[in-house]
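Before any comments, here is the structure.
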Amino acid sequence: MGKIREENGKFYPPEDFVEQAYVSSREEYEKMWKQSVEDPETFWGDIASELYWYKKWLKVNREDFAKGEIEWFIGGKTNISYNCIDYQIKKGRANKVALIFQGEPEEDVKQITYKELLKLVSKFANVLKKKGVRKGDRVAIYLPMIWQLPVVMLACARIGAIHTVVFGGFSADALRDRILDAGARILITANGYWRSGKTVSSKATADTALELCAKEGHTVDKVIVVKRLDNFDVPMKAGRDTWFEDEMAATDISDVCPPVWVDAEDPLFILYTSGSTGKPKGVLHTTGGYMVYTYATFKYIFDYKENDIFFCTADIGWVTGHSYIVYGPLSNGATSIVFESVPTYPNPDRFWQIVEKFKVTIFYTAPTAIRALMKEGDQWPAKRDLSTLRLLGSVGEPINPEAWLWYHKNIGGERCPIVDTWWQTETGGILITPLPGAWPTIPSFATLPFFGVKARTLQPRSSADQPALDAPINEQGELCIERSWPGIMRGVFGDPERFYNTYFVQQPGFYFTGDGALRNEDGYFRLLGRIDDVVNVSGHRIGTAEIEAALNSYPAVAESAVVGFPHEVKGEDLYAYIILKTGYEPSDQLKKELVAHVRKEIGPIASPGKIQFVPGLPKTRSGKIMRRILRKVASGEIDQLGDTTTLADPSIVDIIVSGRQ
């Protein structure tokens with residue numbers, strides 16, 4: 001492959017890449033994009049026709065966007081499991097490898113062909129049916145990154161059940177909240193898994209969560225446990241808990257299970273994401289639009305070709321894993337890697353070793369991983385053969401130019417285009433991204449909207465009477481989308497009002513992303529992080545309200561406020577300001593106890609990096625905490641605190657500044 005050409009800070013894709021790309025110029029893109037927003041009926045109808053529909057739709061799209069009412073492929077019937085497996089077999093891919101599982105132990109590898117995947121998924125779908133699971137039932141999944149996870153998801157989809165995957169690193173309390181909210185009566189978990197050379201018991205956490213559910217009057221009466229670790233005993237509750245392996249081997253479980261044809265707008269999954277109110281939101285995605293959108297984004301953004309080997313390093317517990325380890329790759333007939341472990345174990349070259357071992361051609365990871373590996377030094381990637389790579393991707397948070405350039409040089413060998421992708425759990429798939437053969441990239445710019453996405457950076461406004469005005473060029477605005485695209489969420493599970501109130505009131509008539517962005521002279525978008533109280537730690541969105549609620553539940557704490565501050569590896573870390581109750585004294589021991597408490601309540605990813613004990617918080621006279629000031633103090637921008645005269649007690653700011661951690 002040729003080299004990337006750099007000119008005036010822009011990086012142009014190699015000519016041989018452009019020649020083979022699906023979209024090879026900005027002009028070609030503009031023409032397609034224009035059709036996608038002006039005539040979605042034709043544009044998305046054509047793309048959807050590349051997939052299998054049991055019954056074709058009557059109309060592609062109907063929406064009252066200002067009210068958050070959205071439908072795609074109305075009247076159509078399909079099944080995403082059929083499209084990801086059976087339809088690929090019909091296209092001649094029966095013996096092609098669908099999934100490559102790489103466990104933490106080097107020798108622990110399992111390659112599953114499309115034909116084998118069909119048998120595994122059909123069997124587990126029959127297990128679910130035997131357990132009484134029917135169309136529309138919610139199935140909670142609390143599994144590590146093992147091959148059984150995509151199998152279970154696809155089995156749910158096959159019979160029209162709704163899966164809700166809970167990230168395997170979440171605590172018992174977080175798991176309980178999600179099981180209760182979804183109303184799941186069945187849980188799929190594992191006895192444990194590998195993490196940096198140690199074993200972790202998923203089952204112990206799951207058991208605690210189920211006890212907590214029972215206290216709230218909700219019974220989960222069926223638990224299926226994957227025996228991930230050998231010789232790792234866990235308590236099994238008679239009548240409730242059974243082994244995955246025994247269920248799959250039962251004589252009455254056939255390896256044939258006809259798909260249930262579901263309506264395009266029938267729910268496919270619920271995935272919980274942090275909200276700024278503290279209660280996790282169950283983001284609901286439906287079948288048809290999500291399937292079409294993940295299929296199209298995977299094909300065009302990763303410029304996917306038949307012989308590519310795709311490695312997305314995300315956890316399937318997050319939306320990136322749903323869309324770009326499972327549904328996007330498999331609906332395209334691709335080979336997708338599922339990796340159990342971390343990038344730094346046993347050495348900081350584990351990703352590059354996997355690239356070398358399986359001859360990976362497309363690699364998709366998060367800036368936080370890139371920064372962590374960059375810190376370990378250039379010698380690690382230099383020892384590995386990364387010559388099979390032809391395209392790199394970044395996801396989860398804006399990537400800083402230093403990390404972008406390191407990735408470009410040390411991993412991409414200055415020959416692989418980088419797609420810096422922006423999207424959210426709510427959007428189902430990538431919204432703003434380079435198309436790798438179509439235009440030059442600029443480090444830290446996500447560049448242009450994908451097909452069907454009408455993105456604007458608007459000036460804040462306080463009512464629908466004010467006109468929607470775009471922010472001036474190169475100035476921050478609120479990133480908003482003007483109309484729906486097929487992958488957009490359809491609601492917050494069990495809380496229709498919350499969907500409308502969270503996304504459609506801040507900028508009436510638009511979908512409000514909650515992110516700030518600017519556009520440059522070329523029309524390229526650059527993402528500038530959250531506007532609201534959600535912090536992005538290592539690519540994971542964490543609502544500060546949720547962490548505050550956890551801290552405030554600790555006996556010694558009277559009140560807390562949590563903000564994000566820049567961190568060179570994680571992107572952002574958490575800074576907690578704590579007011580103690582009378583009778584409690586600040587101490588390092590108490591800091592440790594508070595960190596341990598947050599880990600128990602939410603999980604390790606929510607642990608505050610810094611804790612400062614304060615006598616009070618900067619509040620307005622109406623009692624609202626001025627988080628802007630706390631953010632400035634946390635990030636050391638003491639000279640930029642702005643006007644503090646409106647505070648009920650301005651002197652508190654000086655005390656906080658002097659005690660800064």
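Each chain in the structure tokens gets a letter, A, B and so on, in the order shown; residues start at 1 in every chain, and ligands are counted from 1 in the order they appear.
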
- prompt: Where in region 414-522 of chain A does DSSP assign strand (DSSP E), given as a VMD selection string?
  reply: chain A and resid 418 to 420 432 to 433 448 to 449 455 to 458 477 to 481 491 to 492 511 to 519

field: Contacts of region 207-217 of chain A at 8 Å (only C-alpha atoms; same-chain gap of 5+ positions) as JSON, numbers by chain
entry: {"A": [172, 173, 175, 176, 179, 180]}

Can I get the selection written as a short mmCIF file (atom, residue, chain, number, x, y, z; two decimals), in the first residue's frame, with N, CA and C atoms?
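Writing the result to part_26.cif gives the following:
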data_model
loop_
_atom_site.label_atom_id
_atom_site.label_comp_id
_atom_site.auth_asym_id
_atom_site.auth_seq_id
_atom_site.Cartn_x
_atom_site.Cartn_y
_atom_site.Cartn_z
N ALA A 172 -22.50 -5.35 41.70
CA ALA A 172 -23.79 -5.99 41.97
C ALA A 172 -24.92 -4.97 42.00
N ASP A 173 -24.66 -3.80 42.59
CA ASP A 173 -25.70 -2.76 42.66
C ASP A 173 -26.10 -2.28 41.26
N LEU A 175 -25.77 -3.94 38.47
CA LEU A 175 -26.46 -5.06 37.80
C LEU A 175 -27.92 -5.13 38.29
N ARG A 176 -28.09 -5.00 39.61
CA ARG A 176 -29.45 -5.01 40.17
C ARG A 176 -30.33 -3.93 39.53
N ILE A 179 -31.33 -4.98 35.98
CA ILE A 179 -32.27 -6.11 35.94
C ILE A 179 -33.67 -5.64 36.35
N LEU A 180 -33.73 -4.84 37.40
CA LEU A 180 -35.02 -4.33 37.88
C LEU A 180 -35.68 -3.44 36.83
#

- prompt: If you run DSSP on this backbone, which residues of region 61-217 of chain A come out as helix (DSSP H, G or I), and could you give them as an MDAnalysis selection string?
  reply: chainID A and resid 65:67 80:93 114:130 148:158 172:182 202:215

message: Neighbouring residues of Val342 (chain A) were defined as those with any atom within 12 Å, considering only C-alpha atoms; residues of the same chain fewer than 5 positions away were excluded. Please report them as a PyMOL selection string.
response: chain A and resi 102-105+144-145+194-198+313-315+347-351+354+365+369+372-373

- request: May I have the residues within 10 Å of region 260-266 of chain A as a VMD selection string, using only C-alpha atoms and disregarding those fewer than 4 positions away in the same chain?
  value: chain A and resid 53 to 57 70 to 82 135 to 136 157 to 162 285 to 291 490

- line: Restricting to only C-alpha atoms, whichever of A:His567, A:Asn410, A:Phe311, A:Pro329 is closest to Phe358 (chain A) is A:Phe311

message: Need the shell around Glu546 (chain A): protein/DNA/RNA residues with any atom at most 12 Å away, counting only C-alpha atoms. Skip same-chain ones fewer than 6 positions apart. Format as a count of residues only?
response: 27

- line: Shortest contact to Tyr293 (chain A), candidates A:Asp233, A:Glu50, A:Asp378, A:Glu478, atoms counted only C-alpha atoms, goes to A:Glu50

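Note that CA of Thr544 (chain A) and CA of Leu594 (chain A) are 15.1 Å apart.
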
message: At a cut-off of 12 Å, using only C-alpha atoms, what residues contact Lys299 (chain A)? Leave out same-chain residues fewer than 3 positions from it and give the result as a PyMOL selection string.
response: chain A and resi 21-23+47+50+292-296+302-306+308+310+324+327-334+362+429-430+435-436+450

- request: Measuring atom to atom with only C-alpha atoms, identify which of A:Cys257, A:Leu630, A:Ala98, A:Ala558 is nearest to Asn126 (chain A).
  value: A:Cys257

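Those residues that approach Met236 (chain A) to within 12 Å, counting only C-alpha atoms, are A:Thr189, A:Ala190, A:Asn191, A:Lys203, A:Ala204, A:Ala206, A:Asp207, A:Lys222, A:Val223, A:Ile224, A:Val225, A:Val226, A:Lys227, A:Arg240, A:Asp241, A:Thr242, A:Trp243; same-chain residues fewer than 4 positions away are not listed.
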